[in-house]
Each structure stands twice: as structure tokens, then as C-alpha cells.
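Written out below as C-alpha cells is the structure these notes cover.
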Amino acid sequence: MLHLDAAATSPVREEALAAAWPFLTASFGNPSSTHGLGEEAAAALADARKSIAAVLGCRATEVVFTSGGTEANNLAVKGLALGDPRGRHVVTSRLEHESVLASVDALVRLHGFEVSFVDVDARGTVSAESLAAALRDDTTLVSLSTANNEVGTVQDIAALTVVAHARGVPFHTDAIQAAGSLDISMSSTGVDAISVSGHKLGAPKGVGVLAVRSRLPLEPLIHGGGQERGRRSGTENVAFAVAFAVALRLADEERRAGQLDAVSARDAFITAVLGSIPGARLTGHASARLPRHASLVIPGINGETVLLELEQHGVLASAGAACAAGHDEPSHVLLALGIAEDDARTALRFTWGASTTAEELGGVADALLESVARVSRG
């Protein structure tokens, strides 16, 4: 099987598993313990934190380990908004992951916040002008994703951060889909907080990171033993933190080495599909998109049926976000881009890892053509 659903998850890297194994076996100590076994775990946790900080462009003390991307986004949105007495207004977009949208909704329902949804164009792009228009004197946080998980559109986060900072507003970005594909360094983008998830990169499921500038007050979601400098209580998962650090470093090295080839292969795949399947349309931005991401709508076909046909050809893809699988409602992202409901139900998403070749993608394009033709014939 050829796995083209990398946006949903990725296999655990052998290097990450090997790095984690000692801390699941002999070196099992609690990093808060003061004896030798605990100190060994604490040292490994500190090394992992430093390695992650080097990729994210922040201080090691600004790295907070979480249970995954969803918790990282919850901690960022709720923690920063509630930790800052500036006001009770947040800005986000309707394209965000449910973990951001649900966190904003909780602020509105439970804490009396107001939310403004910044305008996006038909390609999923947020402009500096539209963000500026959404900001208010009482805006306490902007949260916008670096890259959309469903349509792959990449935002100019550095430019958007400048707009927010001009009004004194902290900026959080969900970079879960962008990590390993783009330069997400906080020193490059200027953001104040960034969320990353391990299992998108080759770490096990169940570990993530929120990096947040130490100058910003952060209200914790989980209270207890005061781990993670009081920002996220609970005994740290040392093994998975170590695996995360290895996976993030390797993914960033692959990004630096193969970006141009990845973009070329992506564009060739998109061109082949659009040129062979009548009516097929690309969703998201044509060029400002993730380098290993292609999302389509094909009006008149059933997207789920096409996916089943593709699986018979040995290709695993998706209709969109895995966390929304099984729901009958069309994607909120596609609807926000102005795509009709019927067309949104035909969505297909192909996302792949660094090991997938241009030749394999060519075979996927052929398999997709055959699958669509078979479904169309009924």
C-alpha cells in the first residue's frame, strides 16, 4: 500500500523508536525524582527540550510538552487569552482546525469573550489588510494556522505577525501541518506561540509541543504537580519527548535537503490529475501550498467511493481531516472557501511523506483516473 494520508498521521521513525526505547525499559525514572534514575530521565528530557528549541527558534525553557497537537492548541488559545488581562476579544479564521475553533468557542461560552473571524479569499489566504481590519483595542490574541490541513494553503505568517504586533497583540500559530515541510522557526516568523504534533513527523501518537514566549502569561489547563514550569502539570512522558525531538530534527533536515524536488513532484502530480480528469479542480492556493499536498474536488462523483476504488489500487488517501471522518457534513474549510456543498462532498486529499517518489505519484495519478472513470460508469 502507498500511504498518501500523511496529513492524518505518519509511521513512527525507526530512529525515534530506538531513542525512546531505553526510557520505556531500563531508564524508566520519573524526571521529578531526585535519585539517579530520576536524574537520568530529567537529563534526557532536558536534552530533548534543547533539540526541539533549536528547530523552533526559541529558548529551551519556552518548550512545553503536551499530549499532542489538540492539547497544544487548547493550551495556546485558552491559556494565552485567559492569562492576558488586556481584553476579551480574539481573532481567528473559519479555516482553523477544530481544536482551535472549539477552544475559541469555549472562551465565548464560558468566559464572555468575543471572536472575530478574519476574511479569507477563495484560495484560503488571509491578507494583512483583512487581519488589520479584524483587530480591536481589546484584542488579546490572534490564532491563525501556518498551513491548512485540508487544502494545504500556506499563510505569510511573518507578515501577519507584524500586523498583530503593531497593535500589541500576541500571535499564536498552529504549525502542526507545516512542521517538517516549512521553516516554522519562531525567530523567522516572529510568532509568540507555536503548536506542533509528534505523530505528523514520525514520533508516536500522544506527544506534542507548545512553544510560548516566556514573557507571556499562560493560564494552565491542567493543575497539579507543577511540571513544565507550572504550565502543564503531570509527569512528563520522557520516552515520547525524546522520540519527538529526534523526529522533528530528522524532518527538518529532510526539509532543508529536498524542498525543490518536493515542489516539482507535487506540481507534476497536480498537473497530471487536472489534465486528465474533466471537471477536477484544485482547492487551496496553487503555489503557496504545502510541498507534499494536493487537494481536489471532482463535481459529480462520490469522493468516498473513489477512495475505496483507490484502495483497491493500493493507494490510501482521504476526503479531508481524519478527525472529521465519518461525519456527513461537508468540510467547514471548503464551505468557508465558497465551495458548494455538493462539490465539497467530492473532496479528495493526497498528502505524502519525503520517501514518496515522483514516479509513485505518477502511478497514483493513473490510479485516480481509473478510479474516477469506474465510479462514473457506476
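All residue names refer to the C-alpha cells as shown: chains lettered A, B, ... in order, residues numbered from 1 in each chain, ligands numbered from 1 in order.
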
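Within range 210-341 of chain A, the backbone-based DSSP assignment of strand (DSSP E or B) covers Leu210, Ala211, Val212, Arg281, Leu282, Arg289, His293, Ala294, Ser295, Leu296, Val297, Val315, Leu316 and Ser318 of chain A.
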
Neighbouring residues of Leu221 in chain A were defined as those with any atom within 12 Å, considering only C-alpha atoms; residues of the same chain fewer than 2 positions away were excluded. Please report them as an MDAnalysis selection string.
chainID A and resid 66 71:83 103 218:219 223:224 226 230:234

Nearest to Thr140 in chain A by atom-to-atom distance, counting only C-alpha atoms, from A:Trp352, A:Phe244, A:Phe171, A:Phe269
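Smallest separation from Thr140 in chain A among the options: A:Phe171.
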
List the spatial neighbours of Ile339 in chain A as JSON, numbers by chain - criterion: any atom at most 9 Å away, only C-alpha atoms, same-chain residues fewer than 4 positions off excluded.
{"A": [122, 283, 334, 335, 343, 344]}

Counting only C-alpha atoms, the residue among A:Ile176, A:Asn30, A:Gly124, A:Lys205 that lies closest to Leu17 in chain A is A:Lys205

Please report, as a Markdown table, each residue of range 249-300 of chain A lying at most 12 Å from range 200-203 of chain A, together with the nearest pair of atoms and the separation in Å rounded to one decimal; use only C-alpha atoms, and order rows by chain and ascending residue number.
```
| residue | atom | partner | partner_atom | distance |
| --- | --- | --- | --- | --- |
| A:Arg249 | CA | A:Leu201 | CA | 9.4 |
| A:Leu250 | CA | A:Leu201 | CA | 8.7 |
| A:Ala251 | CA | A:Leu201 | CA | 6.4 |
| A:Asp252 | CA | A:Leu201 | CA | 9.4 |
| A:Glu253 | CA | A:Leu201 | CA | 11.8 |
| A:Glu254 | CA | A:Leu201 | CA | 11.0 |
| A:Arg255 | CA | A:Leu201 | CA | 11.4 |
```

Output file for the residues above (C-alpha atoms, as a compact mmCIF listing (two decimals), in the first residue's frame):
```
# COMPACT_ATOMS: atom_id res chain seq x y z
CA ARG A 249 15.17 17.10 13.86
CA LEU A 250 15.12 14.50 11.09
CA ALA A 251 12.05 16.02 9.45
CA ASP A 252 13.67 19.45 9.47
CA GLU A 253 16.85 18.04 7.93
CA GLU A 254 14.79 16.39 5.17
CA ARG A 255 13.01 19.68 4.55
```

Can you tell me, as a VMD selection string, what residues are no more than 9 Å from Ser214 in chain A when counting only C-alpha atoms, ignoring any on the same chain fewer than 3 positions away?
chain A and resid 59 61 to 62 217 to 218

Mind writing the picked residues with N, CA, C and O atoms as an mmCIF file, in the first residue's frame?
```cif
data_model
loop_
_atom_site.group_PDB
_atom_site.id
_atom_site.type_symbol
_atom_site.label_atom_id
_atom_site.label_comp_id
_atom_site.auth_asym_id
_atom_site.auth_seq_id
_atom_site.Cartn_x
_atom_site.Cartn_y
_atom_site.Cartn_z
ATOM 1 N N ARG A 59 13.836 29.494 23.187
ATOM 2 C CA ARG A 59 14.615 29.001 24.310
ATOM 3 C C ARG A 59 14.080 27.642 24.745
ATOM 4 O O ARG A 59 12.880 27.358 24.630
ATOM 5 N N THR A 61 13.593 26.705 27.674
ATOM 6 C CA THR A 61 12.630 26.908 28.765
ATOM 7 C C THR A 61 11.253 27.307 28.253
ATOM 8 O O THR A 61 10.296 27.335 29.029
ATOM 9 N N GLU A 62 11.142 27.630 26.976
ATOM 10 C CA GLU A 62 9.856 28.031 26.412
ATOM 11 C C GLU A 62 9.100 26.867 25.772
ATOM 12 O O GLU A 62 7.998 27.044 25.257
ATOM 13 N N PRO A 217 2.082 35.707 29.939
ATOM 14 C CA PRO A 217 1.405 34.917 30.967
ATOM 15 C C PRO A 217 0.555 33.825 30.328
ATOM 16 O O PRO A 217 -0.135 34.065 29.334
ATOM 17 N N LEU A 218 0.627 32.612 30.863
ATOM 18 C CA LEU A 218 -0.095 31.473 30.305
ATOM 19 C C LEU A 218 -0.860 30.783 31.421
ATOM 20 O O LEU A 218 -0.262 30.235 32.350
#
```

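Among the candidates A:Thr25, A:Ser295, A:Ser10, A:Ser32, the residue lying nearest to Glu236 in chain A is A:Ser32 (atoms considered: only C-alpha atoms).
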
Show which residues sit within 7 Å of Ala241 in chain A, as a VMD selection string. Count only C-alpha atoms, and ignore same-chain residues fewer than 2 positions away.
chain A and resid 45 48 207 237 to 239 243 to 245

A:Ala175, A:Val126, A:Leu160, A:Ala18: which is nearest Ala147 in chain A, counting only C-alpha atoms?
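Closest to Ala147 in chain A, using only C-alpha atoms: A:Ala175.
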
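Between Glu359 in chain A and the candidates A:Ala268, A:Ala54, A:Val104, A:Ile157, the tightest atom-to-atom separation, counting only C-alpha atoms, involves A:Ala268.
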
Å distance separating CA of Thr161 in chain A from CA of Phe117 in chain A, one decimal place:
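It comes out at 16.2 Å.
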
Please identify all polymer residues within 8 Å of Gly279 in chain A, counting only C-alpha atoms, omitting same-chain residues fewer than 3 positions from it, and present them as a list in words.
Leu274, Ile298 and Pro299 of chain A
